[in-house]
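Chemist: After the C-alpha cells below, expect a handful of questions from me.
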There are 4 protein chains.
Amino acid sequence: MRFKTALVLSLVAVFALCSLAAAETYKFKPTRDQLWYLFGCGRPVLKVNPGDRLILWTEDANNGNTKTLQDIQTVSGLPGKVNPQTGPIYVNGAEPGDTLVLKIEDIQPAENQGWSWFEPRSGFLFSNNFHPTFGTTAPQTVWLYPVNKEKGTVTFQARNMPGFTAEIPMRPFVGTIATAPPNGECVHTSTPWWSGGNMDCVDTAIGNTIYLPVSVPGAMWSTGDVHLVQGDGEVCGTAVECRGWVTIQVLSVIKGKKIRTPRFENDEYLMSAGSARPLDSAYKIAYEDMINWLVDDYGFDWQDALTLASQVSPVRVGNVVDTNFTVVVKFPKKYLPTK
Amino acid sequence: MRFKTALVLSLVAVFALCSLAAAETYKFKPTRDQLWYLFGCGRPVLKVNPGDRLILWTEDANNGNTKTLQDIQTVSGLPGKVNPQTGPIYVNGAEPGDTLVLKIEDIQPAENQGWSWFEPRSGFLFSNNFHPTFGTTAPQTVWLYPVNKEKGTVTFQARNMPGFTAEIPMRPFVGTIATAPPNGECVHTSTPWWSGGNMDCVDTAIGNTIYLPVSVPGAMWSTGDVHLVQGDGEVCGTAVECRGWVTIQVLSVIKGKKIRTPRFENDEYLMSAGSARPLDSAYKIAYEDMINWLVDDYGFDWQDALTLASQVSPVRVGNVVDTNFTVVVKFPKKYLPTK
Amino acid sequence: MRFKTALVLSLVAVFALCSLAAAETYKFKPTRDQLWYLFGCGRPVLKVNPGDRLILWTEDANNGNTKTLQDIQTVSGLPGKVNPQTGPIYVNGAEPGDTLVLKIEDIQPAENQGWSWFEPRSGFLFSNNFHPTFGTTAPQTVWLYPVNKEKGTVTFQARNMPGFTAEIPMRPFVGTIATAPPNGECVHTSTPWWSGGNMDCVDTAIGNTIYLPVSVPGAMWSTGDVHLVQGDGEVCGTAVECRGWVTIQVLSVIKGKKIRTPRFENDEYLMSAGSARPLDSAYKIAYEDMINWLVDDYGFDWQDALTLASQVSPVRVGNVVDTNFTVVVKFPKKYLPTK
Amino acid sequence: MRFKTALVLSLVAVFALCSLAAAETYKFKPTRDQLWYLFGCGRPVLKVNPGDRLILWTEDANNGNTKTLQDIQTVSGLPGKVNPQTGPIYVNGAEPGDTLVLKIEDIQPAENQGWSWFEPRSGFLFSNNFHPTFGTTAPQTVWLYPVNKEKGTVTFQARNMPGFTAEIPMRPFVGTIATAPPNGECVHTSTPWWSGGNMDCVDTAIGNTIYLPVSVPGAMWSTGDVHLVQGDGEVCGTAVECRGWVTIQVLSVIKGKKIRTPRFENDEYLMSAGSARPLDSAYKIAYEDMINWLVDDYGFDWQDALTLASQVSPVRVGNVVDTNFTVVVKFPKKYLPTK
C-alpha cells in the first residue's frame, strides 16, 4: 500500500548506472501515483550521487485541484493528502549521522496562476484544531493570483473589493524540504520537524544552501509546496501556492557531521531553523542551534556568540499555522571571525 | 513618595505659558530624582502642546551604573529601578479615547560607549523568572561597546576571544515609549503593554511616527531606554544600552480616535505592535490590529486584508525577554488602495 | 481621584485605637465608593493587628449588577470596573520583605443566587483579547444559580435545555486575594501576579492558610470575588459569582521571611501558586517555588524533593481566562520529613 | 527491518482460529525482538475479537535496563528506543472511522522495584530539547522504589537525605496506550497525539474504559510504560516506572463512530484527553472535545454544557515533559441529563 513507486524503479535503475560517472542532471516529474505524503517510509523515486543536479517538478499543496474560485477544500481536497512531495530521493553514500548539503539553484512557477485560501479549522487567526474556539470559523474563500513571469510578479485580486488588485514581486521558495526522520518515524508532510519538512520559511529560496541531518541510509529527502511569495508566518494558512520546477544540486554529504535541526546559508547569513510549538519553543531551538554553530565551527566563545547575535541577528518567522511553527535565526557572516 | 517632581513644576508653569503661542522646542534633562519607574501614577515633568518639539535626555536601563566590565548587577543595580523614564509628559488637550501622535526625529547616544550584559534570572536562553530551570543560570558578564559617532558605529569587544571585535552600524531606537495605562494602573517600566512601554522593538526608531492610545488626561507619556543597535528579540536580555538624546515632535492628538495597541508608521510601512506572553499571543494581537487598521482606515475588506497581509507583510520580533514579549507586523503601504 | 476612601478614615481611627489591645474582630461592609479596583495605590479602609479577625462583605465581580437573565455586560458593566476589592487593609508591623499570614475561616454567600455568564472577547474557548480570532465571539448569555444555604448547594438552570437543572454542592472560595505589589505598581484587580490577586483557584478556600509577600508598609491586602463553586480553569470566564461574607484571621506577620509567590497550607497539603501566561509558565513558577519551599523549610535535598513531588503532587489549574493564568502545586504533608 | 514479528505469526494464526468462537483470554509476553517503538507501521503480534481479554506483559520505559543506582541513561539507554510497546494488536472488524473500546481491568507490577531518574535534556524544570537554556542541565540521578505488593505501596528512598524514605500507595496506570495514527504516519512511542500514545495521565488506570479512534484496519493498538504512581505532570521526566502485567478487555468496536481524541470513562466521570504543546493547546483540545461529547451523545446545548462544565469539571494534567503535553478534562456523570 505504501509502495506506489514500483513503476519508476526501472527508470531509477538507469539513473543509478549513470550516476557512477560524473555529475549528472536529472529532470523528474512524478506521476500522480508517485506523489508522497510522508517524510520517511517511502521507496526512493531517484538515486543520485553528491554533485548531481535535479530539476524537479513539484505538485502544489492541494494536488493541483485549486483552479477556480469555486475549488474550496470540501470539493477538491483529499483528507490528509496535502503537501505532496517529490521524492524521496536517495543520495548514495549518505548514512545516519551525516549531513546532507543541498543548494537551491532555481524555482520557477509551473502554472500561470497561484492561489491562496482560508480553510476550515486552520489559520492562525481562526478557530483551528490546536486552538479551537466556539463561534464561526474561517469562511471558505479562494484567491487566484495570475503569474507574470516576465515581470516576475503575481497579482492579488481582491474578492470583496471591486477592482482592487496588487502586483507583488515573486520571491519563490520551497515550503517543504526534508530528510527522513530518525527512529523509523514517518511524519505527515504538513509537519516541520527536526529533519526539516513543512517549514514554510522564506529562506529555503533560490541561492541558499540547505543543510539537513541524515537519519536513514540515503537521506531519503524530498521537496515540494512551492510558494511564489509569502509574508512572515503564512498567517492565513496559505501562501501564494503553485506547482513549480525546482532545481537543486546535491552539493555534498558531510560524513560524520551531525546537526540537530536544519541550517541554511548564503553569502550574507548563517541561518538556523527551529520548528516546534509554541513560537517561543521554535525560537529557542533555532537560537540555541545558531550559538552552537558559531561555537563549534567558527571558534566563538558561547557567551560572546550569544551577546553578539543578540545585537546583530534578524529573526524570521516561517509559519505559525502548521503542525509545528518555524523560526529562522540569521547571523550576518560579516561578523564572523576571519580565520 | 511618588511625587518627586515638585521641583520642576515652576519650570513647567513657564513652559505652559509659552505653549499658548506657536510650537515650541523644549530641551529637558531630568535630575536623578525626576527619573520615573512607572507608566502611570506620576506627576508631569513637562506640559506641552501638539506641535511642540522635545529634546529629551534619557537615562540608560541601569541608571548609568554600568561603566566598566566590573559593574555587574549585584554591585550597581537598584532592585526594581530599571528602565528609568524621562516623563511623564502632559499633552494639553489629550483626553481618554484620543490617540497621541509622536514623531521620533532623532536619537543620539549621550555617552561614548554602550553596554550589554547577562543578568541572573533573566534572558530568553537562561533560567529566568518566568521559565525557571534547575541548574546554573546566566553568568554575570558585561560587554562595553565604544561608540564612533562619525562612522555611526559601535564596536563589539569579545570577552573571551582575545582580540576579536566587530564594528556594527548603529540603528538607534527607544526601547521604551508609552502613555499611561487605563483604569488607574501603574505599570513597571520593564513591561510592554496595551499602551506601549518596554517594547524593545527596532521600529520605534528615527523617522517613524508612533501612535499611542490616550487613557488619562494629558496622555502622560514618557520614553527612555535608548538602544544603539539590537537584533530581533533582544535574546540575551539587553541591547547595546546607552544614555541618549531623543528628539520627538508631538505631531497631534487625534480626538475621538481610539486604538487598542501601539501603531507605528513611516513612508514604507504601517506597523501594529502587540505585547503579551507567549510570542503567539503578541503575534495575534499585532496581526488582528493590523487587519482592523486596514479595514477601518483604508477601506479594506477583512478577508482581502488578511489574505494580502499574509503574502506581503514582514513581521519583526521586538523582545522575548521582558515581562511581555512584543511583535510588530508591517504592512507595505505600496499595497494600500489608492483613494 | 484615587483617594475615594476618605469617608472611612474616622472609622479607621477608631479601629486603630481598639487594636492596641487584644485581638479584635471587625465587621466591615464597604460603601460603593470604597470599593477598590487596583492592587496597590489605595488608602487603607482598615488598620488591623496580627491576630485580628475580619468579617468582610465582598461585592461580586460585576458590582452586583447581574440580577436577571437580561443583565448582560453591555447593559450593566462598567468598563474596567470588575472584581471590586474589599480593602486595602493595613496590617500594623508588616514591612517589605515580610510574609503576611492569613487564615480563611469562613465564606458565606451574601445573596440568594449566584450567576455566571459569557462575555465578549473573554473566555478560554472564545475569541478573546489575548488570542483573538476572526469569526463570531461569545454569545452574551447569563445563568442564574439559586442558593440553598441549608443544603449547601447552588442549582444550575439550563438556558436552552427546557427543565434541565443540576444541583451542585457549594465549595466557596475567594477568587481574589492579594497584597500590594512592589515597586509602586498598581495592578488591575483582574490580574493574578507575584503578590496574588485574581488567581481564581479553588484552594483559597475555607480552612486554608494563605501566605502573601509583603511589598509595602502594612502589606495593604484585599480580597473579594467570591465564587460559590468552580471547576478547574474557570474556562467559560466566570465561576458561580456571588457577593459574600468572608471571615479571615490575620494570623501573623513573619518578619524577614521573603516569599516570591503566594503559598497556601492546610492539614493535608503545602501549596504553591504561580500566575503567568501561558499555563506552562505558571506551572513552572509554582513548581519551582514548591521545591524551594521543601528545601528551605523542610530540609529536603532539591533532587529528592523534585523527584518525590513528581510522584506524589497533584496540580490544580486555577484559571485560564484572566490576565495571567494560575496553577497550584500541592505537596502532601504526610511525605514531609519528621523533624 | 520493520517486520520483526514474523516468529509470532503462527501463534497469531492459532489465536485467530480460536477467536471465531466465544470471547477468549490471551496471555502474551513479547520477546525483546517483538517490542515495538512506533505507533503505526508494525505487523500485529496478536489478532483478537471484540470481547476478548488480554493479559499483556509490558516492558518498562527503559527496556528493563535500570536496575541499580548506577544505570544512568548513557550506560544503558538505547538512543530512540524508549517506551517499548506491547503490540500492535489487530482487532477483527475495526475499520477507519470506528471507535475502539478497551477496558483496563488490572495492572500489576512485574518486578519487585520501580525506578525514576533525571535525564539529560529532558524534564520540565531542566534545560530540555524544546526549551533549551544555557547552563548545567539535569544531573543523571536514579531512584529505586521497592514494591510491597501486599500493602500496595512503593517506597521512595532519598539519594541525598540519609535515611529518608516515604511509603506511597500505588495507583498504577499505563503511561502509553494508542491506536495507529491516520495517513500512514508512524509516530515515536514517546509522543502522545490524536490517537493516544504516551499521554502519561493517571486516568488510563484500572477500572477505566478507554475510547480510541480507529484510523487503520484492525486499529493496531498497543500499550506499555506502566507507572506505579505519578503526580500531575510527571514533572521530573519519569514516574515510578516498572515492567507490568496489564489486563485489558477489548469491549467493542463502535462502527461508524468517529472521535478525534482519546476519551475515558468510569462510573464517576466522562473524560476527554488532549495532547499538544503548549499546555494551553492541550487544554483547549480536551475541553472542546468534552463539550462536543456532551452535545453529541447526551443532548446538551453547547452553551449550557460549556457553562456547567466550567463550574463542575476537574482537570488533570497528564504530562508536561513528553513530545506533546496531555490534559484530561473530567465531567462528573451525576450532572448528566437523565434520559
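Each chain of the C-alpha cells is named A, B, ... in the order shown, its residues numbered from 1; ligands are numbered from 1 in display order.
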Could you write out as a ChimeraX atom specification the residues of chain B within 8 Å of chain A, counting only C-alpha atoms?
Modeler: /B:116-117,124-125,156,158-161,164,166,168,229-236,238-240,278-280,284,288,300-301,303-304,306-317,335,337
Chemist: All in-order C-alpha pairs, least squares, chain C moved onto chain B. Output the fitted coordinates as a short mmCIF file (atom, residue, chain, number, x, y, z; two decimals) with C-alpha atoms, in the first residue's frame, please.
Modeler:
data_model
loop_
_atom_site.label_atom_id
_atom_site.label_comp_id
_atom_site.auth_asym_id
_atom_site.auth_seq_id
_atom_site.Cartn_x
_atom_site.Cartn_y
_atom_site.Cartn_z
CA MET C 1 6.55 59.06 47.98
CA ARG C 2 5.47 58.94 44.38
CA PHE C 3 5.61 62.67 43.92
CA LYS C 4 9.31 63.30 43.50
CA THR C 5 8.87 65.80 40.76
CA ALA C 6 7.81 68.80 42.78
CA LEU C 7 11.06 70.61 42.07
CA VAL C 8 10.36 70.79 38.38
CA LEU C 9 6.94 72.30 38.69
CA SER C 10 7.98 75.90 38.54
CA LEU C 11 9.85 75.05 35.40
CA VAL C 12 6.73 73.40 34.06
CA ALA C 13 4.78 76.51 34.80
CA VAL C 14 7.10 78.52 32.59
CA PHE C 15 6.82 75.96 29.81
CA ALA C 16 3.06 76.01 30.08
CA LEU C 17 2.97 79.73 29.52
CA CYS C 18 5.25 79.45 26.51
CA SER C 19 3.11 76.82 24.93
CA LEU C 20 0.16 79.12 24.57
CA ALA C 21 1.92 80.58 21.58
CA ALA C 22 3.30 78.79 18.50
CA ALA C 23 5.03 75.41 18.52
CA GLU C 24 7.92 75.38 20.93
CA THR C 25 11.05 73.32 21.33
CA TYR C 26 11.90 72.13 24.83
CA LYS C 27 15.21 70.66 25.85
CA PHE C 28 14.84 68.65 29.03
CA LYS C 29 17.28 66.64 31.10
CA PRO C 30 15.71 65.13 34.20
CA THR C 31 17.54 65.17 37.50
CA ARG C 32 18.12 61.79 39.06
CA ASP C 33 15.15 62.44 41.35
CA GLN C 34 12.92 63.12 38.39
CA LEU C 35 13.53 59.76 36.76
CA TRP C 36 10.31 57.78 36.82
CA TYR C 37 9.97 53.98 37.00
CA LEU C 38 6.29 53.53 36.24
CA PHE C 39 3.91 54.06 33.36
CA GLY C 40 1.16 55.95 35.11
CA CYS C 41 0.96 57.41 38.62
CA GLY C 42 3.47 60.25 38.17
CA ARG C 43 3.20 63.99 37.98
CA PRO C 44 4.13 65.62 34.68
CA VAL C 45 7.64 66.94 34.26
CA LEU C 46 6.53 68.88 31.20
CA LYS C 47 3.26 70.14 29.77
CA VAL C 48 3.31 70.63 26.04
CA ASN C 49 1.04 71.37 23.13
CA PRO C 50 0.51 69.40 19.95
CA GLY C 51 3.14 70.64 17.53
CA ASP C 52 5.82 71.10 20.17
CA ARG C 53 9.19 69.49 19.75
CA LEU C 54 11.07 67.88 22.68
CA ILE C 55 14.76 67.20 22.95
CA LEU C 56 14.88 64.73 25.83
CA TRP C 57 17.85 63.30 27.67
CA THR C 58 17.22 59.69 28.60
CA GLU C 59 18.99 57.67 31.25
CA ASP C 60 20.12 54.17 30.34
CA ALA C 61 18.35 51.01 31.55
CA ASN C 62 20.67 50.61 34.53
CA ASN C 63 20.69 54.23 35.66
CA GLY C 64 24.11 54.95 34.21
CA ASN C 65 25.79 52.53 36.58
CA THR C 66 27.38 50.24 34.01
CA LYS C 67 30.61 51.94 33.11
CA THR C 68 33.22 49.20 33.50
CA LEU C 69 33.39 45.46 32.96
CA GLN C 70 33.10 45.06 36.72
CA ASP C 71 29.74 46.82 37.03
CA ILE C 72 27.59 43.73 37.26
CA GLN C 73 24.07 43.94 38.52
CA THR C 74 24.58 43.03 42.15
CA VAL C 75 27.02 45.90 42.54
CA SER C 76 25.34 48.69 40.72
CA GLY C 77 21.74 47.75 40.25
CA LEU C 78 18.93 49.14 42.34
CA PRO C 79 16.21 46.52 42.80
CA GLY C 80 13.24 47.41 40.70
CA LYS C 81 14.85 50.59 39.44
CA VAL C 82 15.31 49.69 35.81
CA ASN C 83 14.35 51.46 32.60
CA PRO C 84 14.06 54.95 34.10
CA GLN C 85 11.77 57.16 32.06
CA THR C 86 11.99 60.73 30.98
CA GLY C 87 8.49 61.88 31.69
CA PRO C 88 5.61 61.70 32.15
CA ILE C 89 4.82 64.48 29.71
CA TYR C 90 1.37 66.01 29.70
CA VAL C 91 -0.06 66.92 26.30
CA ASN C 92 -2.62 69.67 26.50
CA GLY C 93 -5.96 68.66 25.06
CA ALA C 94 -5.38 64.90 25.12
CA GLU C 95 -8.31 63.05 26.67
CA PRO C 96 -9.14 59.38 27.22
CA GLY C 97 -10.33 57.92 23.93
CA ASP C 98 -7.96 60.03 21.81
CA THR C 99 -4.81 58.91 20.04
CA LEU C 100 -1.47 60.60 20.66
CA VAL C 101 0.75 60.99 17.61
CA LEU C 102 4.50 61.36 18.15
CA LYS C 103 7.25 61.54 15.58
CA ILE C 104 10.73 60.37 16.49
CA GLU C 105 12.99 62.82 14.71
CA ASP C 106 16.39 61.95 16.10
CA ILE C 107 18.17 59.69 18.58
CA GLN C 108 21.79 60.31 19.50
CA PRO C 109 23.97 58.47 22.01
CA ALA C 110 24.77 60.72 24.99
CA GLU C 111 27.83 58.69 25.99
CA ASN C 112 30.95 57.43 24.28
CA GLN C 113 30.17 53.82 24.98
CA GLY C 114 27.21 51.47 25.19
CA TRP C 115 26.96 48.26 27.17
CA SER C 116 25.18 44.92 27.34
CA TRP C 117 25.16 42.20 29.97
CA PHE C 118 23.79 38.91 31.18
CA GLU C 119 21.65 39.21 34.27
CA PRO C 120 20.71 36.53 36.84
CA ARG C 121 17.21 35.11 36.31
CA SER C 122 16.85 36.97 33.03
CA GLY C 123 17.39 36.22 29.35
CA PHE C 124 15.44 34.06 26.91
CA LEU C 125 18.02 31.26 26.88
CA PHE C 126 18.71 31.27 30.60
CA SER C 127 16.73 30.13 33.60
CA ASN C 128 14.55 33.16 34.26
CA ASN C 129 11.72 34.27 36.51
CA PHE C 130 8.99 33.13 34.13
CA HIS C 131 10.59 29.93 32.90
CA PRO C 132 12.82 28.81 35.76
CA THR C 133 15.02 25.75 35.43
CA PHE C 134 17.23 24.07 37.97
CA GLY C 135 20.91 24.38 37.10
CA THR C 136 23.30 27.29 36.75
CA THR C 137 21.80 30.47 35.46
CA ALA C 138 23.39 33.30 33.46
CA PRO C 139 26.98 34.25 34.27
CA GLN C 140 27.18 37.91 35.17
CA THR C 141 29.19 39.27 32.28
CA VAL C 142 29.38 42.84 30.97
CA TRP C 143 30.32 43.98 27.48
CA LEU C 144 31.25 47.55 26.57
CA TYR C 145 30.84 48.98 23.06
CA PRO C 146 32.82 52.12 22.17
CA VAL C 147 30.74 54.51 20.07
CA ASN C 148 32.15 56.08 16.91
CA LYS C 149 29.72 58.89 16.16
CA GLU C 150 31.36 59.90 12.90
CA LYS C 151 31.20 56.44 11.42
CA GLY C 152 27.87 55.80 13.11
CA THR C 153 29.06 52.53 14.62
CA VAL C 154 29.54 50.74 17.90
CA THR C 155 32.25 48.13 18.36
CA PHE C 156 31.60 44.79 20.00
CA GLN C 157 34.61 43.70 22.06
CA ALA C 158 34.68 40.01 22.91
CA ARG C 159 35.31 39.04 26.51
CA ASN C 160 36.67 35.56 25.93
CA MET C 161 38.04 35.72 22.40
CA PRO C 162 41.29 37.69 22.58
CA GLY C 163 41.41 40.49 20.08
CA PHE C 164 38.05 39.79 18.46
CA THR C 165 35.97 42.84 17.71
CA ALA C 166 33.08 43.60 15.39
CA GLU C 167 32.10 47.03 14.16
CA ILE C 168 28.33 47.34 13.98
CA PRO C 169 26.37 50.16 12.31
CA MET C 170 24.16 51.93 14.83
CA ARG C 171 20.42 51.82 14.29
CA PRO C 172 19.29 53.60 17.43
CA PHE C 173 15.76 53.38 18.78
CA VAL C 174 13.95 53.99 22.05
CA GLY C 175 13.34 50.72 23.86
CA THR C 176 10.57 52.29 25.86
CA ILE C 177 7.77 54.64 24.85
CA ALA C 178 4.30 54.67 26.38
CA THR C 179 1.30 56.58 27.52
CA ALA C 180 -0.20 56.00 30.98
CA PRO C 181 -2.43 52.90 31.02
CA PRO C 182 -6.18 53.03 31.69
CA ASN C 183 -8.09 52.18 34.86
CA GLY C 184 -5.61 53.84 37.20
CA GLU C 185 -2.99 51.17 36.67
CA CYS C 186 0.67 52.03 37.21
CA VAL C 187 2.86 49.56 35.39
CA HIS C 188 6.54 48.97 35.90
CA THR C 189 8.77 50.32 33.15
CA SER C 190 10.10 46.85 32.36
CA THR C 191 6.68 45.95 30.92
CA PRO C 192 5.31 46.47 27.40
CA TRP C 193 1.55 46.56 27.34
CA TRP C 194 -1.54 47.85 25.50
CA SER C 195 -0.38 51.46 25.93
CA GLY C 196 3.17 50.71 24.79
CA GLY C 197 6.08 50.54 27.19
CA ASN C 198 9.22 48.47 27.12
CA MET C 199 8.53 47.07 23.66
CA ASP C 200 12.22 46.95 22.72
CA CYS C 201 11.34 46.87 19.05
CA VAL C 202 13.63 48.24 16.40
CA ASP C 203 10.81 50.18 14.77
CA THR C 204 10.46 52.85 17.44
CA ALA C 205 13.27 54.49 15.49
CA ILE C 206 14.24 57.72 13.76
CA GLY C 207 11.73 58.85 11.17
CA ASN C 208 8.87 56.76 12.46
CA THR C 209 5.54 58.09 13.66
CA ILE C 210 4.20 56.50 16.84
CA TYR C 211 0.49 56.25 17.66
CA LEU C 212 -0.40 55.58 21.30
CA PRO C 213 -3.80 55.29 22.97
CA VAL C 214 -4.67 58.09 25.39
CA SER C 215 -6.16 56.69 28.60
CA VAL C 216 -5.74 59.56 31.06
CA PRO C 217 -6.00 63.32 30.69
CA GLY C 218 -2.85 64.67 29.09
CA ALA C 219 -1.80 61.21 27.85
CA MET C 220 1.12 61.29 30.33
CA TRP C 221 3.63 59.74 27.98
CA SER C 222 7.28 59.02 28.56
CA THR C 223 10.27 57.49 26.82
CA GLY C 224 13.72 56.15 27.56
CA ASP C 225 15.96 53.08 27.33
CA VAL C 226 17.83 54.05 24.16
CA HIS C 227 19.28 51.07 22.28
CA LEU C 228 22.06 51.86 19.81
CA VAL C 229 21.53 48.60 17.98
CA GLN C 230 19.66 45.34 18.63
CA GLY C 231 18.84 42.10 16.87
CA ASP C 232 15.31 40.71 16.82
CA GLY C 233 14.24 39.59 20.28
CA GLU C 234 16.91 41.17 22.49
CA VAL C 235 17.59 37.54 23.27
CA CYS C 236 20.39 37.83 25.83
CA GLY C 237 18.30 40.31 27.81
CA THR C 238 19.98 43.56 26.78
CA ALA C 239 20.67 45.55 23.63
CA VAL C 240 23.59 47.97 23.24
CA GLU C 241 22.29 50.20 26.02
CA CYS C 242 23.17 53.87 26.26
CA ARG C 243 22.05 57.22 27.57
CA GLY C 244 20.63 59.25 24.74
CA TRP C 245 19.27 62.47 23.39
CA VAL C 246 15.91 61.84 21.82
CA THR C 247 14.11 64.40 19.67
CA ILE C 248 10.38 63.83 19.44
CA GLN C 249 7.72 66.06 17.96
CA VAL C 250 4.22 65.82 19.36
CA LEU C 251 2.57 65.76 15.95
CA SER C 252 -1.02 65.85 17.09
CA VAL C 253 -3.81 64.44 19.20
CA ILE C 254 -6.45 62.70 17.13
CA LYS C 255 -9.68 63.44 18.97
CA GLY C 256 -12.07 60.55 19.46
CA LYS C 257 -9.83 58.08 17.65
CA LYS C 258 -9.42 55.04 19.85
CA ILE C 259 -6.71 52.48 19.20
CA ARG C 260 -6.10 49.33 21.24
CA THR C 261 -2.37 48.84 20.90
CA PRO C 262 0.55 50.95 19.62
CA ARG C 263 0.88 51.60 15.92
CA PHE C 264 3.84 52.97 13.98
CA GLU C 265 4.16 54.37 10.49
CA ASN C 266 6.79 55.54 8.04
CA ASP C 267 6.92 56.06 4.28
CA GLU C 268 7.13 52.37 3.64
CA TYR C 269 5.02 50.61 6.27
CA LEU C 270 2.00 50.64 8.50
CA MET C 271 2.99 48.78 11.68
CA SER C 272 0.98 47.30 14.57
CA ALA C 273 2.66 46.25 17.81
CA GLY C 274 1.31 43.58 20.14
CA SER C 275 2.75 42.82 23.57
CA ALA C 276 1.85 39.72 25.57
CA ARG C 277 3.17 36.30 26.54
CA PRO C 278 3.82 33.95 24.89
CA LEU C 279 5.03 35.14 21.49
CA ASP C 280 1.98 33.59 19.80
CA SER C 281 -0.31 35.88 21.74
CA ALA C 282 1.70 39.01 20.91
CA TYR C 283 1.69 37.94 17.26
CA LYS C 284 -2.09 37.52 17.20
CA ILE C 285 -2.72 40.84 18.91
CA ALA C 286 -0.50 42.69 16.46
CA TYR C 287 -1.89 40.93 13.41
CA GLU C 288 -5.53 41.41 14.36
CA ASP C 289 -4.88 45.09 14.95
CA MET C 290 -3.25 45.45 11.52
CA ILE C 291 -6.24 43.86 9.80
CA ASN C 292 -8.61 46.12 11.74
CA TRP C 293 -6.49 49.14 10.77
CA LEU C 294 -6.65 48.20 7.09
CA VAL C 295 -10.39 47.69 7.30
CA ASP C 296 -11.25 50.77 9.36
CA ASP C 297 -8.96 53.34 7.76
CA TYR C 298 -8.22 52.06 4.27
CA GLY C 299 -11.46 50.52 3.10
CA PHE C 300 -10.19 46.96 2.97
CA ASP C 301 -12.49 44.00 3.21
CA TRP C 302 -11.28 41.92 6.15
CA GLN C 303 -10.85 38.72 4.17
CA ASP C 304 -8.91 40.44 1.44
CA ALA C 305 -6.81 42.27 4.02
CA LEU C 306 -5.94 39.11 5.91
CA THR C 307 -5.00 37.19 2.78
CA LEU C 308 -2.97 40.00 1.27
CA ALA C 309 -1.15 40.73 4.53
CA SER C 310 -0.31 37.03 4.81
CA GLN C 311 1.52 37.28 1.47
CA VAL C 312 3.30 40.61 1.82
CA SER C 313 3.78 41.53 5.49
CA PRO C 314 7.10 41.06 7.24
CA VAL C 315 6.91 40.57 10.98
CA ARG C 316 9.59 41.67 13.45
CA VAL C 317 10.02 40.34 16.95
CA GLY C 318 10.75 43.16 19.38
CA ASN C 319 11.67 41.34 22.54
CA VAL C 320 11.38 37.87 24.03
CA VAL C 321 12.82 38.82 27.43
CA ASP C 322 10.58 41.41 29.06
CA THR C 323 7.50 40.98 31.21
CA ASN C 324 5.62 40.73 27.95
CA PHE C 325 7.02 39.90 24.53
CA THR C 326 6.48 42.25 21.57
CA VAL C 327 5.74 41.53 17.93
CA VAL C 328 5.41 44.11 15.13
CA VAL C 329 3.50 43.37 11.92
CA LYS C 330 4.41 45.57 8.96
CA PHE C 331 2.08 46.13 6.02
CA PRO C 332 3.78 47.71 2.97
CA LYS C 333 1.98 50.92 2.07
CA LYS C 334 2.55 50.33 -1.64
CA TYR C 335 -0.24 47.75 -1.45
CA LEU C 336 -2.79 50.15 0.01
CA PRO C 337 -5.72 51.06 -2.19
CA THR C 338 -5.31 54.38 -3.94
CA LYS C 339 -8.05 56.65 -2.69
#
Chemist: May I have all residues of region 34-266 of chain D that DSSP, computed from the backbone, assigns to helix (DSSP H, G or I), given as a PyMOL selection string?
Modeler: chain D and resi 34+73-76
Chemist: Kindly export the residues of the current selection with N, CA and C atoms, as a PDB file, in the first residue's frame.
Modeler:
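So the final result, stored in selection.pdb, reads:
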ATOM      1  N   GLN D  34      10.246  -8.495  19.661  1.00  0.00           N
ATOM      2  CA  GLN D  34       8.874  -8.094  19.329  1.00  0.00           C
ATOM      3  C   GLN D  34       8.514  -6.711  19.851  1.00  0.00           C
ATOM      4  N   GLN D  73      21.321   6.869  31.982  1.00  0.00           N
ATOM      5  CA  GLN D  73      20.932   6.681  30.601  1.00  0.00           C
ATOM      6  C   GLN D  73      22.096   6.393  29.662  1.00  0.00           C
ATOM      7  N   THR D  74      23.202   7.098  29.832  1.00  0.00           N
ATOM      8  CA  THR D  74      24.282   6.914  28.863  1.00  0.00           C
ATOM      9  C   THR D  74      24.881   5.527  28.921  1.00  0.00           C
ATOM     10  N   VAL D  75      24.673   4.836  30.024  1.00  0.00           N
ATOM     11  CA  VAL D  75      25.180   3.474  30.100  1.00  0.00           C
ATOM     12  C   VAL D  75      24.193   2.510  29.451  1.00  0.00           C
ATOM     13  N   SER D  76      22.955   2.596  29.862  1.00  0.00           N
ATOM     14  CA  SER D  76      22.040   1.527  29.496  1.00  0.00           C
ATOM     15  C   SER D  76      21.066   1.884  28.379  1.00  0.00           C
TER      16      SER D  76
END
Chemist: Could you pull out the residues in region 70-252 of chain A that DSSP calls strand (DSSP E) from the backbone, as a count of residues only?
Modeler: 72
